$ cat model_3.cif   # mmCIF, C-alpha atoms
data_start
#
loop_
_atom_site.label_atom_id
_atom_site.label_comp_id
_atom_site.auth_asym_id
_atom_site.auth_seq_id
_atom_site.Cartn_x
_atom_site.Cartn_y
_atom_site.Cartn_z
CA MET A 970 32.18 -56.69 18.66
CA ILE A 971 30.01 -59.14 16.76
CA SER A 972 26.86 -57.24 17.70
CA LYS A 973 28.39 -53.99 16.31
CA LEU A 974 29.18 -55.68 13.01
CA LYS A 975 25.63 -57.02 12.77
CA ARG A 976 24.20 -53.54 13.41
CA ALA A 977 26.50 -52.02 10.76
CA LYS A 978 25.51 -54.71 8.25
CA THR A 979 21.83 -54.07 8.95
CA SER A 980 22.29 -50.31 8.48
CA TRP A 981 24.01 -50.71 5.10
CA LEU A 982 21.38 -53.21 4.01
CA ASN A 983 18.66 -50.72 4.95
CA ILE A 984 20.43 -48.00 2.95
CA VAL A 985 20.67 -50.21 -0.15
CA ILE A 986 17.03 -51.28 0.17
CA GLY A 987 15.97 -47.67 0.64
CA PHE A 988 17.93 -46.58 -2.43
CA CYS A 989 16.34 -49.33 -4.52
CA ILE A 990 12.86 -48.35 -3.33
CA LEU A 991 13.52 -44.67 -4.11
CA THR A 992 14.80 -45.53 -7.59
CA PHE A 993 11.75 -47.69 -8.26
CA VAL A 994 9.40 -44.92 -7.15
CA LEU A 995 11.15 -42.37 -9.41
CA ILE A 996 10.91 -44.72 -12.42
CA VAL A 997 7.20 -45.29 -11.77
CA LEU A 998 6.54 -41.55 -11.48
CA GLN A 999 8.47 -40.85 -14.68
CA ASN A 1000 6.57 -43.48 -16.67
CA SER A 1001 3.32 -42.20 -15.24
CA ALA A 1002 4.14 -38.68 -16.42
CA LYS A 1003 4.91 -40.00 -19.91
CA ALA A 1004 1.61 -41.88 -19.98
CA ASP A 1005 -0.25 -38.68 -19.17
CA THR A 1006 1.39 -36.86 -22.11
CA VAL A 1007 -0.70 -36.97 -25.30
CA ILE A 1008 1.36 -36.81 -28.45
CA VAL A 1009 -0.70 -35.19 -31.19
CA LYS A 1010 0.37 -36.18 -34.68
CA PRO A 1011 -0.51 -33.87 -37.57
CA LYS A 1012 -3.41 -35.08 -39.63
CA TYR A 1013 -3.44 -34.54 -43.39
CA SER A 1014 -6.55 -35.28 -45.36
CA SER A 1015 -6.28 -35.83 -49.10
CA ALA A 1016 -8.25 -32.61 -49.58
CA SER A 1017 -5.87 -30.51 -47.51
CA MET A 1018 -2.84 -31.96 -49.30
CA THR A 1019 -4.46 -31.25 -52.67
CA GLU A 1020 -5.10 -27.68 -51.56
CA PHE A 1021 -1.50 -27.36 -50.41
CA VAL A 1022 -0.13 -28.60 -53.73
CA SER A 1023 -2.53 -26.35 -55.69
CA GLN A 1024 -1.49 -23.31 -53.67
CA LYS A 1025 2.17 -24.15 -54.19
CA SER A 1026 1.60 -24.34 -57.94
CA LEU A 1027 -0.35 -21.06 -57.90
CA ASN A 1028 2.46 -19.32 -56.01
CA PHE A 1029 4.97 -20.58 -58.56
CA PHE A 1030 2.66 -19.42 -61.35
CA ASN A 1031 2.36 -15.89 -59.92
CA GLN A 1032 6.10 -15.64 -59.28
CA SER A 1033 6.75 -16.66 -62.87
CA ILE A 1034 4.48 -13.86 -64.11
CA GLU A 1035 6.42 -11.27 -62.14
CA LYS A 1036 9.73 -12.68 -63.29
CA ALA A 1037 8.55 -12.65 -66.89
CA LYS A 1038 7.49 -9.01 -66.66
CA ILE A 1039 10.83 -7.96 -65.22
CA GLU A 1040 13.29 -10.05 -67.21
CA TYR A 1041 11.74 -11.06 -70.50
CA GLU A 1042 9.53 -8.28 -71.83
CA ASN A 1043 10.29 -7.95 -75.55
CA ASN A 1044 13.61 -9.71 -75.05
CA PHE A 1045 13.08 -13.02 -76.76
CA ASP A 1046 15.79 -15.62 -77.25
CA MET A 1047 14.73 -17.49 -80.39
CA TYR A 1048 17.83 -19.62 -80.79
CA SER A 1049 18.98 -21.30 -77.55
CA ASP A 1050 17.57 -24.79 -77.07
CA TYR A 1051 16.75 -23.99 -73.44
CA SER A 1052 14.87 -20.77 -74.25
CA PHE A 1053 11.09 -20.76 -73.83
CA GLN A 1054 10.91 -18.77 -77.07
CA LYS A 1055 13.09 -21.11 -79.12
CA TYR A 1056 11.85 -20.84 -82.71
CA ILE A 1057 12.10 -24.15 -84.45
CA SER A 1058 11.65 -24.99 -88.12
CA ASP A 1059 13.37 -26.82 -90.96
CA LYS A 1060 15.92 -23.98 -91.00
CA ASN A 1061 16.18 -23.54 -87.24
CA LEU A 1062 16.74 -27.00 -85.80
CA LEU A 1063 17.68 -27.92 -82.27
CA ASN A 1064 21.35 -27.26 -81.67
CA ASN A 1065 21.44 -30.56 -79.80
CA LYS A 1066 19.04 -33.06 -81.38
CA LYS A 1067 19.12 -35.12 -78.17
CA TYR A 1068 18.47 -32.08 -75.97
CA LYS A 1069 16.85 -32.85 -72.62
CA PRO A 1070 16.32 -30.08 -70.03
CA SER A 1071 16.86 -30.58 -66.31
CA ASP A 1072 13.60 -29.04 -64.99
CA LEU A 1073 11.13 -31.72 -66.08
CA VAL A 1074 7.90 -32.40 -64.17
CA GLN A 1075 5.14 -34.89 -64.95
CA VAL A 1076 1.71 -33.49 -65.85
CA ASP A 1077 -0.72 -34.79 -63.23
CA THR A 1078 -4.07 -33.09 -62.73
CA ASP A 1079 -7.72 -34.08 -62.43
CA TYR A 1080 -8.61 -31.54 -65.12
CA ILE A 1081 -7.27 -33.62 -68.01
CA VAL A 1082 -7.98 -37.00 -69.54
CA ASN A 1083 -4.50 -38.44 -69.90
CA ARG A 1084 -3.84 -40.59 -72.95
CA ALA A 1085 -0.19 -39.59 -73.22
CA GLY A 1086 1.29 -42.20 -70.87
CA ARG A 1087 3.62 -40.35 -68.50
CA PRO A 1088 3.66 -36.86 -70.00
CA PHE A 1089 6.51 -34.60 -68.93
CA LEU A 1090 6.99 -30.88 -69.56
CA ARG A 1091 9.43 -28.31 -68.30
CA GLN A 1092 8.22 -27.12 -64.91
CA PRO A 1093 6.90 -23.67 -65.91
CA ALA A 1094 5.04 -25.22 -68.85
CA GLN A 1095 3.68 -28.02 -66.66
CA VAL A 1096 2.32 -25.59 -64.05
CA ALA A 1097 0.83 -23.29 -66.70
CA PHE A 1098 -0.77 -26.17 -68.62
CA GLU A 1099 -2.43 -27.52 -65.47
CA LYS A 1100 -3.81 -24.04 -64.71
CA LEU A 1101 -5.04 -23.79 -68.31
CA ALA A 1102 -6.78 -27.16 -67.99
CA GLU A 1103 -8.39 -26.08 -64.71
CA SER A 1104 -9.73 -22.87 -66.26
CA PHE A 1105 -10.98 -24.76 -69.31
CA ASN A 1106 -12.84 -27.19 -67.07
CA LYS A 1107 -14.41 -24.49 -64.93
CA ASN A 1108 -15.61 -22.50 -67.93
CA LEU A 1109 -16.76 -25.30 -70.23
CA ASP A 1110 -17.33 -28.19 -67.81
CA GLU A 1111 -15.04 -30.41 -69.86
CA LYS A 1112 -11.56 -31.85 -69.49
CA LEU A 1113 -8.69 -31.36 -71.87
CA TYR A 1114 -7.97 -34.68 -73.57
CA LEU A 1115 -4.17 -34.93 -73.64
CA ILE A 1116 -2.81 -37.24 -76.32
CA SER A 1117 0.85 -36.21 -76.49
CA ALA A 1118 3.41 -34.10 -74.65
CA HIS A 1119 7.20 -34.46 -74.76
CA ARG A 1120 8.99 -36.58 -77.33
CA THR A 1121 12.55 -37.72 -77.02
CA TYR A 1122 15.00 -37.98 -79.91
CA ARG A 1123 14.13 -41.67 -80.25
CA ASP A 1124 10.35 -41.02 -80.09
CA GLN A 1125 10.54 -38.46 -82.91
CA GLU A 1126 12.80 -40.70 -84.97
CA THR A 1127 10.36 -43.60 -84.73
CA LEU A 1128 7.31 -41.42 -85.39
CA PHE A 1129 8.74 -39.87 -88.53
CA GLU A 1130 10.45 -42.89 -90.02
CA TRP A 1131 7.69 -45.42 -89.47
CA TRP A 1132 4.41 -43.80 -90.35
CA CYS A 1133 4.07 -40.02 -90.20
CA SER A 1134 4.56 -38.00 -93.40
CA SER A 1135 6.77 -34.93 -93.53
CA ASN A 1136 3.87 -32.54 -94.12
CA ARG A 1137 2.32 -33.60 -90.81
CA CYS A 1138 5.22 -34.62 -88.56
CA ALA A 1139 8.51 -32.84 -88.01
CA LYS A 1140 11.86 -34.43 -88.68
CA ILE A 1141 14.26 -35.12 -85.82
CA GLY A 1142 15.42 -31.87 -84.30
CA TRP A 1143 12.51 -29.95 -85.84
CA SER A 1144 9.71 -30.66 -83.40
CA GLU A 1145 8.44 -28.43 -80.61
CA HIS A 1146 7.68 -31.61 -78.67
CA GLN A 1147 11.45 -32.15 -78.40
CA LEU A 1148 11.62 -28.81 -76.56
CA TRP A 1149 9.47 -30.37 -73.81
CA LEU A 1150 7.14 -27.36 -74.15
CA ALA A 1151 4.36 -28.62 -76.44
CA VAL A 1152 1.20 -30.68 -76.05
CA ASP A 1153 -1.30 -32.21 -78.44
CA ILE A 1154 -4.91 -32.24 -77.25
CA HIS A 1155 -8.26 -33.31 -78.55
CA LEU A 1156 -10.36 -30.33 -77.60
CA ALA A 1157 -12.14 -31.75 -74.55
CA THR A 1158 -13.39 -34.82 -76.33
CA LYS A 1159 -12.55 -38.44 -76.96
CA HIS A 1160 -13.75 -38.09 -80.54
CA TRP A 1161 -12.80 -35.76 -83.37
CA TYR A 1162 -16.46 -35.40 -84.35
CA ASN A 1163 -17.61 -33.77 -81.10
CA ILE A 1164 -20.19 -31.18 -82.17
CA LEU A 1165 -18.86 -28.60 -79.71
CA TRP A 1166 -15.25 -28.66 -80.89
CA GLU A 1167 -15.55 -25.17 -82.44
CA GLU A 1168 -16.72 -23.74 -79.11
CA TYR A 1169 -13.75 -25.36 -77.38
CA LEU A 1170 -11.33 -24.14 -80.04
CA ASN A 1171 -12.70 -20.60 -79.79
CA TRP A 1172 -12.21 -20.66 -76.03
CA MET A 1173 -8.60 -21.84 -76.44
CA ASN A 1174 -7.89 -19.18 -79.09
CA GLU A 1175 -9.20 -16.46 -76.76
CA ASN A 1176 -7.71 -17.68 -73.49
CA ALA A 1177 -4.66 -19.93 -73.97
CA HIS A 1178 -2.32 -16.93 -74.20
CA LYS A 1179 -3.27 -16.02 -70.61
CA TYR A 1180 -1.50 -19.22 -69.61
CA TRP A 1181 1.37 -18.57 -72.07
CA PHE A 1182 0.35 -21.15 -74.68
CA ILE A 1183 -0.09 -20.55 -78.40
CA ASN A 1184 -1.43 -22.61 -81.30
CA THR A 1185 1.80 -22.74 -83.30
CA TYR A 1186 0.41 -24.01 -86.60
CA ARG A 1187 -2.75 -22.02 -87.29
CA LYS A 1188 -2.23 -20.36 -90.70
CA TRP A 1189 -1.42 -23.32 -92.96
CA ALA A 1190 1.85 -24.35 -94.58
CA GLU A 1191 2.22 -21.25 -96.78
CA ILE A 1192 2.89 -19.20 -93.64
CA ASP A 1193 3.72 -21.67 -90.87
CA GLY A 1194 5.68 -24.24 -92.87
CA LYS A 1195 3.36 -27.03 -91.69
CA MET A 1196 -0.28 -27.95 -92.06
CA LYS A 1197 -2.82 -26.28 -89.81
CA GLU A 1198 -2.98 -28.23 -86.56
CA VAL A 1199 -5.63 -27.15 -84.05
CA ARG A 1200 -4.52 -29.74 -81.50
CA HIS A 1201 -0.93 -28.50 -81.16
CA TRP A 1202 -0.27 -25.96 -78.38
CA ARG A 1203 3.12 -24.64 -77.36
CA TYR A 1204 4.34 -22.79 -74.26
CA VAL A 1205 6.27 -19.58 -75.06
CA TRP A 1206 5.92 -17.62 -71.78
CA ILE A 1207 3.70 -14.61 -71.24
CA PRO A 1208 5.22 -11.67 -73.16
CA LEU A 1209 5.45 -13.49 -76.50
CA ALA A 1210 2.11 -15.28 -76.07
CA THR A 1211 0.42 -11.95 -75.38
CA GLU A 1212 2.12 -10.22 -78.31
CA LEU A 1213 1.14 -12.94 -80.76
CA TYR A 1214 -2.45 -12.80 -79.49
CA LYS A 1215 -2.71 -9.02 -79.78
CA LYS A 1216 -1.22 -9.01 -83.29
CA ASP A 1217 -3.15 -12.11 -84.40
CA MET A 1218 0.08 -13.67 -85.62
CA SER A 1219 1.33 -17.22 -85.74
CA PHE A 1220 4.82 -17.88 -84.37
CA ALA A 1221 6.31 -18.33 -87.86
CA GLU A 1222 4.62 -15.17 -89.10
CA TYR A 1223 6.05 -13.18 -86.19
CA TYR A 1224 9.52 -14.63 -86.75
CA ASP A 1225 9.51 -13.88 -90.48
CA THR A 1226 8.10 -10.34 -90.23
CA THR A 1227 9.66 -9.13 -86.96
CA VAL A 1228 12.74 -11.13 -86.00
CA ILE A 1229 14.34 -11.59 -89.42
CA PRO A 1230 14.02 -7.89 -90.46
CA THR A 1231 15.46 -6.87 -87.09
CA LYS A 1232 18.44 -9.18 -87.59
CA VAL A 1233 19.02 -7.76 -91.09
CA GLU A 1234 18.96 -4.18 -89.71
CA GLU A 1235 21.44 -5.07 -86.97
CA SER A 1236 23.82 -6.61 -89.51
CA LEU A 1237 23.86 -3.47 -91.69
#
$ encode --input "model_3.cif" --output "structure tokens"
Amino acid sequence: MISKLKRAKTSWLNIVIGFCILTFVLIVLQNSAKADTVIVKPKYSSASMTEFVSQKSLNFFNQSIEKAKIEYENNFDMYSDYSFQKYISDKNLLNNKKYKPSDLVQVDTDYIVNRAGRPFLRQPAQVAFEKLAESFNKNLDEKLYLISAHRTYRDQETLFEWWCSSNRCAKIGWSEHQLWLAVDIHLATKHWYNILWEEYLNWMNENAHKYWFINTYRKWAEIDGKMKEVRHWRYVWIPLATELYKKDMSFAEYYDTTVIPTKVEESL
């Protein structure tokens, strides 16, 4: 009887030992298989990421062109704060003087010299301005020297009240910078006396409309309500920018000769 119990004990012990050995072998084989597996992580160089971001911006740019052609041809909203064609003057102020849109993006490109701090524009204007700066650089081998972009209610209040006269700076609620659609640039130079500034200005006058920007104040105060300002460029989207270019009109001139007469006709 005792010998049978010993044999049974030995058999169970052998089974347990065998199970442990089998488990150990399976664990070793599994770890070995994992060791043989090479996990390849995606590699992103700074160049490839830059290309990706540029392509994304270009796609957005092209989509905006198509959308503009379909939805906005000769259908300009001159009065809503959020409109890209908002006409602003001493008689057409912002409806909300503290207006701030929701689609703001910081301007950040190697094709500008940034002296505007952290310049923000509405996204379509930001994309278009960066493409404009890239084209300017490729054609003239210079960078756009950005000195101002958006201005908040408080920025404009301080600017006007502390040092800028009314014939040069707009009052609160009467500044295209408060639309988050305008920039001020030295024309590719750190100095006003750059001898090539006329060449740069001519290039901007002939090409900025392709990127939906206009020089708002270009025909002096008698027409535009403000002094001529070659550094001030405003995003208005493609149909209006193209129309102003083809007709050689400033924004104020177009508003006074086209929009106002149309409104008078509609009211009759």
$ residues_around --input "model_3.cif" --residues "region 1205-1211 of chain A" --least-positions-apart "4" --cutoff "6 Å" --atoms "only C-alpha atoms" --output "PyMOL selection string"
chain A and resi 1042+1053-1054+1178+1181
$ closest_residue --input "model_3.cif" --among "A:His1201, A:His1146, A:Lys1100, A:Lys1055" --to "Leu1170 (chain A)" --atoms "only C-alpha atoms"
A:His1201
$ closest_residue --input "model_3.cif" --among "A:Glu1111, A:Asp1124, A:Asp1046, A:Glu1099" --to "Trp1166 (chain A)" --atoms "all atoms listed in the file"
A:Glu1111
$ resolve_selection --input "model_3.cif" --expression "the PyMOL selection byres ((chain A and resi 1093) around 9)" --output "PyMOL selection string"
chain A and resi 1029-1030+1033+1072+1074+1090-1092+1094-1098+1204+1206
$ residues_around --input "model_3.cif" --residues "Ser1117 (chain A)" --least-positions-apart "2" --cutoff "7 Å" --atoms "all atoms listed in the file" --output "PyMOL selection string"
chain A and resi 1085+1115+1119+1152-1153
$ atom_distance --input "model_3.cif" --atom1 "CA of Thr1121 (chain A)" --atom2 "CA of Pro1088 (chain A)"
11.4 Å
$ resolve_selection --input "model_3.cif" --expression "the PyMOL selection byres ((chain A and resi 1056) around 8)" --output "ChimeraX atom specification"
/A:1047-1048,1054-1055,1057-1058,1061,1220-1221,1224
